[in-house]
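Accompanying notes for the structure given below.
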Amino acid sequence: MATRGAFAALVLLSQLGVWGSAAQGVAGGRLRALQWNPHWQCFENSADCKAHVERALTGYLSDAELGLDFANLIEFSDGSFSPPAGWVALPYATPGDNIALYFNSRKWARSPNNGSYATGCMIIGDRPFVIQAFDSIATGFSVVVVGAHFPHPDDYPGAVLTLGAALKSVLDAAGVDDILLIADTNLDASVNGTNKGLMQMLEVPMAAHIVGTAAVNTCCLNDGFSYASDRVIANFGQAMATDVLFEQTPEWAVGEFHRAVIGTLIVPEMSLRRGIVHV
């Protein structure tokens, strides 16, 4: 079930001249993350949509060729869902919202450092986030991953302060500067929010060097997919390939369904300095 992501990443590796160990099966020197908000209507209003979404997610997580490292699922409203073997969910729910950051436990381990995990709400009682520091099992490479559901722009000033403070605390506890943000940002890149601008709002380290998925319209079905809200962004790496799932809208999609985004982050230093990341 591999998407075009593997091909897009190979093209980037070729263009950047990152071959040898870093290009073996798009293995050394890359991270791959999925961002998807199928929206609550899919689970509460349509059994058909719910079944298709859960089947699709299981397929993406299980696909060895696709080789996902992380996935951020928003408004995935089925507490009984079990991910496939080798995947672990870090969920957090509010009365009206929910999020789950999934990680591939065959590749990554949660940091043992105290304070290297945080959850919370960006506004009171709503808009959840999960932050976790991870260590690569193969190489020791460490990264802090943020899964988040941002509010709409009017609530951004307080929201980014809250998330930024929690992120800084985890970075300090883990002793890590590299950040991977996987989020529904509720910003439209062409109007009020570039990837770099968002990371600067969060006051992340090395915010001058930002790579991320392209501004692709993923939100939402009910308004004709007019907004580029769903992003994968990092403050490290050389480039990021972007792939969109469900570009041809499936018949079973309902409500405010979002298309999913896969970001493939090219990180040559993971292979050059720390060995090869095997997938």
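Residues in the structure tokens are numbered from 1 in each chain, the chains being A, B, ... in the order shown, and ligands are numbered from 1 in the order shown.
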
Might you pull out every residue within 7 Å of Gln132 of chain A, with only C-alpha atoms counted and same-chain residues fewer than 3 positions away left off, and present them as an NGL selection string?
:A and (116-118 or 144-146)

DSSP on the backbone: what in segment 74-183 of chain A comes out helix (DSSP H, G or I), as a list in words?
Pro153, Asp154, Asp155, Tyr156, Pro157, Gly158, Ala159, Val160, Leu161, Thr162, Leu163, Gly164, Ala165, Ala166, Leu167, Lys168, Ser169, Val170, Leu171, Asp172, Ala173 and Ala174 of chain A

Take the residues from that selection and put them in a file with all heavy atoms, as a short mmCIF file (atom, residue, chain, number, x, y, z; two decimals), in the first residue's frame.
data_model
loop_
_atom_site.label_atom_id
_atom_site.label_comp_id
_atom_site.auth_asym_id
_atom_site.auth_seq_id
_atom_site.Cartn_x
_atom_site.Cartn_y
_atom_site.Cartn_z
N PRO A 153 -7.25 30.83 14.12
CA PRO A 153 -6.29 31.93 14.32
C PRO A 153 -6.62 32.90 15.44
O PRO A 153 -5.71 33.42 16.10
CB PRO A 153 -6.28 32.63 12.95
CG PRO A 153 -6.58 31.53 11.98
CD PRO A 153 -7.58 30.65 12.68
N ASP A 154 -7.90 33.16 15.72
CA ASP A 154 -8.25 34.11 16.78
C ASP A 154 -7.72 33.68 18.14
O ASP A 154 -7.48 34.52 19.02
CB ASP A 154 -9.77 34.29 16.86
CG ASP A 154 -10.33 35.10 15.69
OD1 ASP A 154 -9.52 35.70 14.94
OD2 ASP A 154 -11.55 35.11 15.52
N ASP A 155 -7.56 32.38 18.35
CA ASP A 155 -7.08 31.86 19.64
C ASP A 155 -5.59 31.55 19.64
O ASP A 155 -5.07 30.96 20.60
CB ASP A 155 -7.86 30.60 20.01
CG ASP A 155 -9.30 30.88 20.39
OD1 ASP A 155 -9.52 31.85 21.13
OD2 ASP A 155 -10.19 30.15 19.92
N TYR A 156 -4.88 31.92 18.57
CA TYR A 156 -3.47 31.58 18.45
C TYR A 156 -2.56 32.22 19.50
O TYR A 156 -1.64 31.55 19.99
CB TYR A 156 -2.95 31.91 17.05
CG TYR A 156 -2.65 30.68 16.23
CD1 TYR A 156 -3.68 29.83 15.82
CD2 TYR A 156 -1.35 30.35 15.87
CE1 TYR A 156 -3.41 28.70 15.07
CE2 TYR A 156 -1.08 29.22 15.12
CZ TYR A 156 -2.10 28.40 14.73
OH TYR A 156 -1.84 27.27 14.00
N PRO A 157 -2.74 33.50 19.86
CA PRO A 157 -1.76 34.12 20.77
C PRO A 157 -1.54 33.33 22.06
O PRO A 157 -0.40 33.02 22.43
CB PRO A 157 -2.35 35.51 21.03
CG PRO A 157 -3.11 35.81 19.78
CD PRO A 157 -3.72 34.50 19.36
N GLY A 158 -2.60 32.97 22.75
CA GLY A 158 -2.45 32.20 23.97
C GLY A 158 -2.07 30.76 23.71
O GLY A 158 -1.31 30.15 24.48
N ALA A 159 -2.58 30.21 22.61
CA ALA A 159 -2.33 28.80 22.31
C ALA A 159 -0.86 28.53 22.06
O ALA A 159 -0.29 27.55 22.55
CB ALA A 159 -3.16 28.38 21.09
N VAL A 160 -0.20 29.38 21.26
CA VAL A 160 1.21 29.13 20.95
C VAL A 160 2.09 29.36 22.19
O VAL A 160 3.12 28.70 22.34
CB VAL A 160 1.68 29.98 19.75
CG1 VAL A 160 0.97 29.56 18.49
CG2 VAL A 160 1.52 31.46 20.00
N LEU A 161 1.68 30.26 23.07
CA LEU A 161 2.42 30.43 24.32
C LEU A 161 2.35 29.17 25.17
O LEU A 161 3.35 28.72 25.73
CB LEU A 161 1.88 31.63 25.10
CG LEU A 161 2.21 33.02 24.56
CD1 LEU A 161 1.50 34.09 25.39
CD2 LEU A 161 3.72 33.26 24.58
N THR A 162 1.16 28.58 25.25
CA THR A 162 0.98 27.37 26.05
C THR A 162 1.77 26.20 25.47
O THR A 162 2.50 25.52 26.20
CB THR A 162 -0.51 27.01 26.13
OG1 THR A 162 -1.22 28.07 26.77
CG2 THR A 162 -0.73 25.72 26.91
N LEU A 163 1.61 25.97 24.17
CA LEU A 163 2.33 24.86 23.55
C LEU A 163 3.83 25.12 23.56
O LEU A 163 4.63 24.20 23.83
CB LEU A 163 1.84 24.65 22.12
CG LEU A 163 2.52 23.51 21.35
CD1 LEU A 163 2.35 22.18 22.05
CD2 LEU A 163 1.98 23.44 19.92
N GLY A 164 4.24 26.34 23.28
CA GLY A 164 5.67 26.66 23.27
C GLY A 164 6.32 26.42 24.61
O GLY A 164 7.45 25.91 24.69
N ALA A 165 5.64 26.78 25.70
CA ALA A 165 6.20 26.57 27.04
C ALA A 165 6.33 25.08 27.35
O ALA A 165 7.35 24.63 27.91
CB ALA A 165 5.33 27.26 28.07
N ALA A 166 5.31 24.29 26.99
CA ALA A 166 5.38 22.84 27.22
C ALA A 166 6.48 22.21 26.39
O ALA A 166 7.21 21.32 26.86
CB ALA A 166 4.03 22.20 26.90
N LEU A 167 6.63 22.66 25.15
CA LEU A 167 7.68 22.13 24.28
C LEU A 167 9.06 22.46 24.84
O LEU A 167 9.95 21.59 24.87
CB LEU A 167 7.51 22.71 22.88
CG LEU A 167 8.57 22.34 21.84
CD1 LEU A 167 8.71 20.85 21.69
CD2 LEU A 167 8.25 22.99 20.50
N LYS A 168 9.26 23.68 25.29
CA LYS A 168 10.56 24.06 25.85
C LYS A 168 10.91 23.20 27.05
O LYS A 168 12.06 22.78 27.24
CB LYS A 168 10.57 25.53 26.24
CG LYS A 168 11.93 26.02 26.74
CD LYS A 168 11.92 27.49 27.08
CE LYS A 168 13.33 27.98 27.45
NZ LYS A 168 13.94 27.19 28.54
N SER A 169 9.91 22.91 27.88
CA SER A 169 10.15 22.08 29.06
C SER A 169 10.62 20.68 28.67
O SER A 169 11.55 20.13 29.27
CB SER A 169 8.87 22.00 29.90
OG SER A 169 9.06 21.18 31.02
N VAL A 170 9.98 20.09 27.65
CA VAL A 170 10.38 18.75 27.20
C VAL A 170 11.76 18.78 26.56
O VAL A 170 12.59 17.89 26.81
CB VAL A 170 9.33 18.18 26.23
CG1 VAL A 170 9.84 16.88 25.60
CG2 VAL A 170 8.02 17.92 26.96
N LEU A 171 12.03 19.80 25.75
CA LEU A 171 13.36 19.91 25.13
C LEU A 171 14.45 19.98 26.19
O LEU A 171 15.49 19.32 26.08
CB LEU A 171 13.41 21.16 24.25
CG LEU A 171 12.56 21.17 22.98
CD1 LEU A 171 12.57 22.55 22.35
CD2 LEU A 171 13.04 20.13 21.98
N ASP A 172 14.21 20.78 27.22
CA ASP A 172 15.21 20.92 28.29
C ASP A 172 15.40 19.60 29.03
O ASP A 172 16.53 19.21 29.35
CB ASP A 172 14.79 22.02 29.27
CG ASP A 172 14.87 23.41 28.67
OD1 ASP A 172 15.53 23.58 27.63
OD2 ASP A 172 14.27 24.34 29.24
N ALA A 173 14.31 18.91 29.31
CA ALA A 173 14.39 17.65 30.06
C ALA A 173 15.10 16.57 29.25
O ALA A 173 15.86 15.76 29.80
CB ALA A 173 13.00 17.18 30.45
N ALA A 174 14.83 16.55 27.95
CA ALA A 174 15.40 15.50 27.09
C ALA A 174 16.80 15.85 26.60
O ALA A 174 17.53 14.97 26.13
CB ALA A 174 14.49 15.25 25.90
#

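Relative to atom CA of Thr185 of chain A, atom CA of Val216 of chain A is found at 12.5 Å.
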
Show which residues sit within 9 Å of Pro151 of chain A, as a PDB file with N, CA, C and O atoms, in the first residue's frame. Count only C-alpha atoms, and ignore same-chain residues fewer than 5 positions away.
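Result went into out-v5.pdb, see below:
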ATOM      1  N   MET A 122      -4.241  23.603  24.322  1.00  0.00           N
ATOM      2  CA  MET A 122      -3.751  24.918  23.923  1.00  0.00           C
ATOM      3  C   MET A 122      -4.695  26.040  24.315  1.00  0.00           C
ATOM      4  O   MET A 122      -4.278  27.187  24.467  1.00  0.00           O
ATOM      5  N   ILE A 123      -5.977  25.731  24.441  1.00  0.00           N
ATOM      6  CA  ILE A 123      -6.922  26.658  25.045  1.00  0.00           C
ATOM      7  C   ILE A 123      -7.667  25.878  26.125  1.00  0.00           C
ATOM      8  O   ILE A 123      -7.635  24.643  26.143  1.00  0.00           O
ATOM      9  N   ASP A 126      -9.643  22.446  25.573  1.00  0.00           N
ATOM     10  CA  ASP A 126      -9.795  22.117  24.145  1.00  0.00           C
ATOM     11  C   ASP A 126      -8.447  22.222  23.439  1.00  0.00           C
ATOM     12  O   ASP A 126      -7.485  22.756  23.964  1.00  0.00           O
ATOM     13  N   ARG A 127      -8.402  21.713  22.232  1.00  0.00           N
ATOM     14  CA  ARG A 127      -7.240  21.748  21.344  1.00  0.00           C
ATOM     15  C   ARG A 127      -6.028  21.068  21.984  1.00  0.00           C
ATOM     16  O   ARG A 127      -5.084  21.691  22.440  1.00  0.00           O
ATOM     17  N   TYR A 156      -4.881  31.922  18.567  1.00  0.00           N
ATOM     18  CA  TYR A 156      -3.467  31.575  18.452  1.00  0.00           C
ATOM     19  C   TYR A 156      -2.561  32.219  19.502  1.00  0.00           C
ATOM     20  O   TYR A 156      -1.642  31.547  19.995  1.00  0.00           O
ATOM     21  N   ALA A 159      -2.584  30.205  22.610  1.00  0.00           N
ATOM     22  CA  ALA A 159      -2.333  28.800  22.306  1.00  0.00           C
ATOM     23  C   ALA A 159      -0.855  28.529  22.058  1.00  0.00           C
ATOM     24  O   ALA A 159      -0.291  27.546  22.553  1.00  0.00           O
ATOM     25  N   ASP A 184      -2.582  19.487  12.643  1.00  0.00           N
ATOM     26  CA  ASP A 184      -3.593  20.281  11.947  1.00  0.00           C
ATOM     27  C   ASP A 184      -3.444  21.679  12.523  1.00  0.00           C
ATOM     28  O   ASP A 184      -3.809  21.938  13.670  1.00  0.00           O
ATOM     29  N   THR A 185      -2.890  22.585  11.733  1.00  0.00           N
ATOM     30  CA  THR A 185      -2.533  23.910  12.235  1.00  0.00           C
ATOM     31  C   THR A 185      -3.703  24.893  12.223  1.00  0.00           C
ATOM     32  O   THR A 185      -3.633  25.941  12.869  1.00  0.00           O
ATOM     33  N   ASN A 186      -4.745  24.563  11.460  1.00  0.00           N
ATOM     34  CA  ASN A 186      -5.870  25.489  11.271  1.00  0.00           C
ATOM     35  C   ASN A 186      -5.426  26.840  10.718  1.00  0.00           C
ATOM     36  O   ASN A 186      -6.109  27.854  10.887  1.00  0.00           O
ATOM     37  N   LEU A 187      -4.278  26.856  10.074  1.00  0.00           N
ATOM     38  CA  LEU A 187      -3.809  28.032   9.346  1.00  0.00           C
ATOM     39  C   LEU A 187      -3.818  27.730   7.861  1.00  0.00           C
ATOM     40  O   LEU A 187      -3.617  26.578   7.462  1.00  0.00           O
TER      41      LEU A 187
END

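Each of A:Ile233, A:Met240, A:Leu57, A:Ala260 was checked against Gly29 of chain A using only C-alpha atoms; the smallest atom-to-atom distance is that of A:Met240.
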
Apply DSSP to the structure's backbone, then extract all residues of segment 52-166 of chain A labelled strand (DSSP E or B) and return them as a PyMOL selection string.
chain A and resi 70-74+87-94+97-104+108-110+117-123+126-136+142-149

Considering only C-alpha atoms, can you say which of A:Ala148, A:Asp69, A:Ala138, A:Phe103 comes closest to Leu265 of chain A?
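Closest to Leu265 of chain A of all the choices is A:Asp69.
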
Could you check how far atom CA of Val232 of chain A sits from atom CA of Thr213 of chain A, in Å to one decimal?
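Separating atom CA of Val232 of chain A from atom CA of Thr213 of chain A is a distance of 5.5 Å.
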
Exercise: Leu61 of chain A partners within 12 Å, only C-alpha atoms, chain neighbours under 2 positions left out, as number ranges by chain
A: 1-2, 32-34, 54-59, 63-73, 82-89, 102-106, 262
